>>> print(open('entry23.cif').read())   # mmCIF, C-alpha atoms
data_input
#
loop_
_atom_site.label_atom_id
_atom_site.label_comp_id
_atom_site.auth_asym_id
_atom_site.auth_seq_id
_atom_site.Cartn_x
_atom_site.Cartn_y
_atom_site.Cartn_z
CA MET T 7 49.33 38.55 29.25
CA ARG T 8 48.04 35.82 31.44
CA ARG T 9 44.80 37.69 31.91
CA LYS T 10 44.28 37.94 28.15
CA LYS T 11 44.69 34.17 27.79
CA GLN T 12 42.25 33.52 30.59
CA LYS T 13 39.79 35.98 29.08
CA ARG T 14 40.03 34.25 25.63
CA ALA T 15 39.61 30.83 27.25
CA VAL T 16 36.50 32.05 29.09
CA GLU T 17 35.05 33.51 25.88
CA LYS T 18 35.70 30.24 23.99
CA ALA T 19 34.10 28.25 26.79
CA SER T 20 31.07 30.52 26.86
CA LEU T 21 30.68 30.17 23.06
CA LYS T 22 30.82 26.40 23.41
CA VAL T 23 28.25 26.52 26.20
CA LYS T 24 25.89 28.64 24.06
CA GLU T 25 26.35 26.23 21.13
CA LEU T 26 25.63 23.26 23.40
CA GLU T 27 22.54 25.01 24.77
CA ARG T 28 21.25 25.50 21.19
CA ASP T 29 21.89 21.83 20.44
CA VAL T 30 20.05 20.79 23.61
CA THR T 31 17.08 23.01 22.69
CA SER T 32 16.98 21.53 19.19
CA LEU T 33 17.17 17.98 20.56
CA ARG T 34 14.38 18.69 23.03
CA GLY T 35 12.16 19.87 20.15
CA GLN T 36 12.91 16.73 18.17
CA LEU T 37 12.22 14.60 21.24
CA THR T 38 8.85 16.30 21.74
CA LYS T 39 7.89 15.66 18.10
CA THR T 40 8.98 12.03 18.36
CA GLU T 41 7.01 11.52 21.58
CA LYS T 42 3.87 12.97 19.95
CA ALA T 43 4.31 10.68 16.93
CA LEU T 44 4.78 7.69 19.23
CA THR T 45 1.63 8.53 21.17
CA LYS T 46 -0.32 8.85 17.93
CA ALA T 47 1.02 5.50 16.70
CA LYS T 48 0.13 3.79 19.99
CA ASN T 49 -3.42 5.18 19.83
CA ARG T 50 -3.78 3.95 16.25
CA ALA T 51 -2.46 0.50 17.20
CA ASP T 52 -4.93 0.30 20.10
CA ARG T 53 -7.79 1.25 17.80
CA TRP T 54 -6.72 -1.41 15.27
CA ARG T 55 -6.44 -4.04 18.01
CA LYS T 56 -9.99 -3.29 19.15
CA GLU T 57 -11.24 -3.41 15.56
CA ALA T 58 -9.45 -6.72 14.93
CA LYS T 59 -10.96 -8.16 18.10
CA GLY T 60 -14.43 -7.16 16.91
CA GLN T 61 -13.79 -8.64 13.47
CA LYS T 62 -12.62 -11.91 15.02
CA ARG T 63 -15.73 -12.02 17.19
CA SER T 64 -17.92 -11.36 14.16
CA ALA T 65 -16.14 -14.04 12.12
CA SER T 66 -16.52 -16.63 14.86
CA ARG T 67 -20.25 -15.85 15.11
CA ALA T 68 -20.60 -16.19 11.35
CA ASN T 69 -18.73 -19.51 11.42
CA ALA T 70 -21.04 -20.74 14.17
CA ARG T 71 -24.07 -19.72 12.09
CA VAL T 72 -22.66 -21.53 9.06
CA ALA T 73 -22.06 -24.67 11.12
CA LYS T 74 -25.65 -24.57 12.46
CA LEU T 75 -27.07 -24.07 8.97
CA ASN T 76 -24.97 -26.93 7.62
CA GLN T 77 -26.27 -29.17 10.40
CA ARG T 78 -29.85 -28.17 9.61
CA LEU T 79 -29.25 -28.78 5.91
CA ASP T 80 -27.74 -32.19 6.60
CA ALA T 81 -30.63 -33.09 8.90
CA ALA T 82 -33.21 -31.89 6.38
CA SER T 83 -31.66 -33.68 3.42
CA ALA T 84 -30.88 -36.93 5.27
CA GLY T 85 -33.07 -39.76 4.06
CA ARG T 86 -34.94 -37.64 1.53
CA GLU T 87 -35.25 -38.45 -2.12
CA PRO T 88 -34.45 -35.81 -4.71
CA ALA T 89 -37.37 -33.49 -5.38
CA ARG T 90 -39.42 -34.18 -8.47
CA ALA T 91 -41.28 -31.69 -10.58
CA ALA T 92 -44.90 -31.40 -9.49
CA VAL T 93 -45.92 -29.96 -12.85
CA PRO T 94 -45.74 -32.03 -16.01
CA MET T 95 -42.61 -31.25 -17.99
CA ASP T 96 -44.59 -30.18 -21.07
CA VAL T 97 -46.19 -27.22 -19.22
CA MET T 98 -44.33 -24.20 -17.86
CA PRO T 99 -45.30 -22.63 -14.49
CA SER T 100 -47.16 -19.94 -16.43
CA GLY T 101 -49.43 -22.62 -17.89
CA ARG T 102 -48.11 -22.18 -21.44
CA PRO T 103 -46.90 -25.31 -23.22
CA VAL T 104 -43.17 -25.68 -23.56
CA THR T 105 -41.96 -26.05 -27.10
CA GLU T 106 -38.94 -28.16 -27.70
CA SER T 107 -35.87 -26.00 -28.05
CA LYS T 108 -33.66 -26.82 -30.96
CA THR T 109 -30.08 -27.79 -30.33
CA VAL T 110 -27.24 -26.95 -32.63
CA GLU T 111 -24.20 -29.10 -31.94
CA GLY T 112 -25.32 -29.65 -28.34
CA VAL T 113 -26.02 -25.94 -27.65
CA THR T 114 -29.57 -25.05 -26.64
CA VAL T 115 -31.15 -22.40 -28.87
CA PRO T 116 -33.94 -20.49 -27.12
CA ASN T 117 -37.05 -19.32 -28.91
CA GLU T 118 -39.80 -16.73 -28.37
CA THR T 119 -41.73 -18.95 -25.96
CA TRP T 120 -39.00 -18.69 -23.35
CA SER T 121 -39.55 -16.23 -20.52
CA VAL T 122 -37.07 -13.45 -19.73
CA VAL T 123 -36.11 -15.32 -16.54
CA GLN T 124 -35.33 -18.46 -18.54
CA LEU T 125 -33.36 -16.45 -21.10
CA ARG T 126 -31.31 -14.80 -18.37
CA ALA T 127 -30.65 -18.18 -16.76
CA GLU T 128 -29.44 -19.54 -20.10
CA ALA T 129 -27.20 -16.48 -20.57
CA ARG T 130 -25.77 -17.04 -17.08
CA ALA T 131 -25.20 -20.73 -17.88
CA ARG T 132 -23.27 -19.71 -21.00
CA GLY T 133 -21.16 -17.27 -19.01
CA LEU T 134 -22.52 -14.12 -20.63
CA THR T 135 -22.36 -11.01 -18.48
CA GLY T 136 -24.35 -7.78 -18.55
CA MET T 137 -27.63 -9.49 -19.45
CA SER T 138 -29.66 -8.52 -16.38
CA ASN T 139 -31.00 -5.30 -17.89
CA LYS T 140 -31.58 -6.56 -21.44
CA THR T 141 -35.02 -6.95 -23.00
CA LYS T 142 -36.39 -10.26 -24.21
CA ALA T 143 -35.53 -9.41 -27.82
CA GLN T 144 -31.98 -8.42 -26.88
CA LEU T 145 -31.55 -11.63 -24.87
CA LEU T 146 -32.82 -13.74 -27.76
CA ALA T 147 -30.42 -11.99 -30.12
CA ALA T 148 -27.49 -12.53 -27.76
CA LEU T 149 -28.28 -16.21 -27.23
CA SER T 150 -28.97 -17.03 -30.90
#
>>> encode(input="entry23.cif", output="structure tokens")
Amino acid sequence: MRRKKQKRAVEKASLKVKELERDVTSLRGQLTKTEKALTKAKNRADRWRKEAKGQKRSASRANARVAKLNQRLDAASAGREPARAAVPMDVMPSGRPVTESKTVEGVTVPNETWSVVQLRAEARARGLTGMSNKTKAQLLAALS
């Protein structure tokens, strides 16, 4: 009788050992997956750190360029009077005379003598969008 009890105890212990071995194998697999994910994450973080370092370097160079250009602008504009038109105001750069544009309640109304560039500038000043590919007639219609 004692032998039967010992035999059952040994069988129970061996079942527990097998179950523990399965659990250990499963945990090792999970550990391997976690280690791979960690390695991937570390590599990504390193790559982002390098990229951030490059972006910071680029930004500092751009800031230095902006500072230099501001200094040059300040030096160039110091002591200078505002620029005046070299061409009389009644003649456009194309040589055509400028006709007085009519104003309606303070709004400038362009006419056919305006160039496409002038019409686009007026559209931009009024806050109109999508005018860059319009013809002169379409611009005149939109601004009238």
>>> resolve_selection(input="entry23.cif", expression="the PyMOL selection byres ((chain T and resi 125) around 8)", output="list in words")
Pro116, Trp120, Ser121, Val122, Val123, Gln124, Arg126, Ala127, Glu128, Ala129, Lys142, Leu145, Leu146 and Leu149 of chain T
>>> write_last_selection(input="entry23.cif", atoms="C-alpha atoms", output="PDB file, keeping the file's coordinate frame")
ATOM      1  CA  PRO T 116     -33.940 -20.490 -27.120  1.00  0.00           C
ATOM      2  CA  TRP T 120     -39.000 -18.690 -23.350  1.00  0.00           C
ATOM      3  CA  SER T 121     -39.550 -16.230 -20.520  1.00  0.00           C
ATOM      4  CA  VAL T 122     -37.070 -13.450 -19.730  1.00  0.00           C
ATOM      5  CA  VAL T 123     -36.110 -15.320 -16.540  1.00  0.00           C
ATOM      6  CA  GLN T 124     -35.330 -18.460 -18.540  1.00  0.00           C
ATOM      7  CA  ARG T 126     -31.310 -14.800 -18.370  1.00  0.00           C
ATOM      8  CA  ALA T 127     -30.650 -18.180 -16.760  1.00  0.00           C
ATOM      9  CA  GLU T 128     -29.440 -19.540 -20.100  1.00  0.00           C
ATOM     10  CA  ALA T 129     -27.200 -16.480 -20.570  1.00  0.00           C
ATOM     11  CA  LYS T 142     -36.390 -10.260 -24.210  1.00  0.00           C
ATOM     12  CA  LEU T 145     -31.550 -11.630 -24.870  1.00  0.00           C
ATOM     13  CA  LEU T 146     -32.820 -13.740 -27.760  1.00  0.00           C
ATOM     14  CA  LEU T 149     -28.280 -16.210 -27.230  1.00  0.00           C
TER      15      LEU T 149
END
>>> atom_distance(input="entry23.cif", atom1="atom CA of T:Val115", atom2="atom CA of T:Gly133")
14.9 Å
>>> atom_distance(input="entry23.cif", atom1="atom CA of T:Val72", atom2="atom CA of T:Glu57")
22.4 Å
>>> atom_distance(input="entry23.cif", atom1="atom CA of T:Ala148", atom2="atom CA of T:Thr119")
15.7 Å
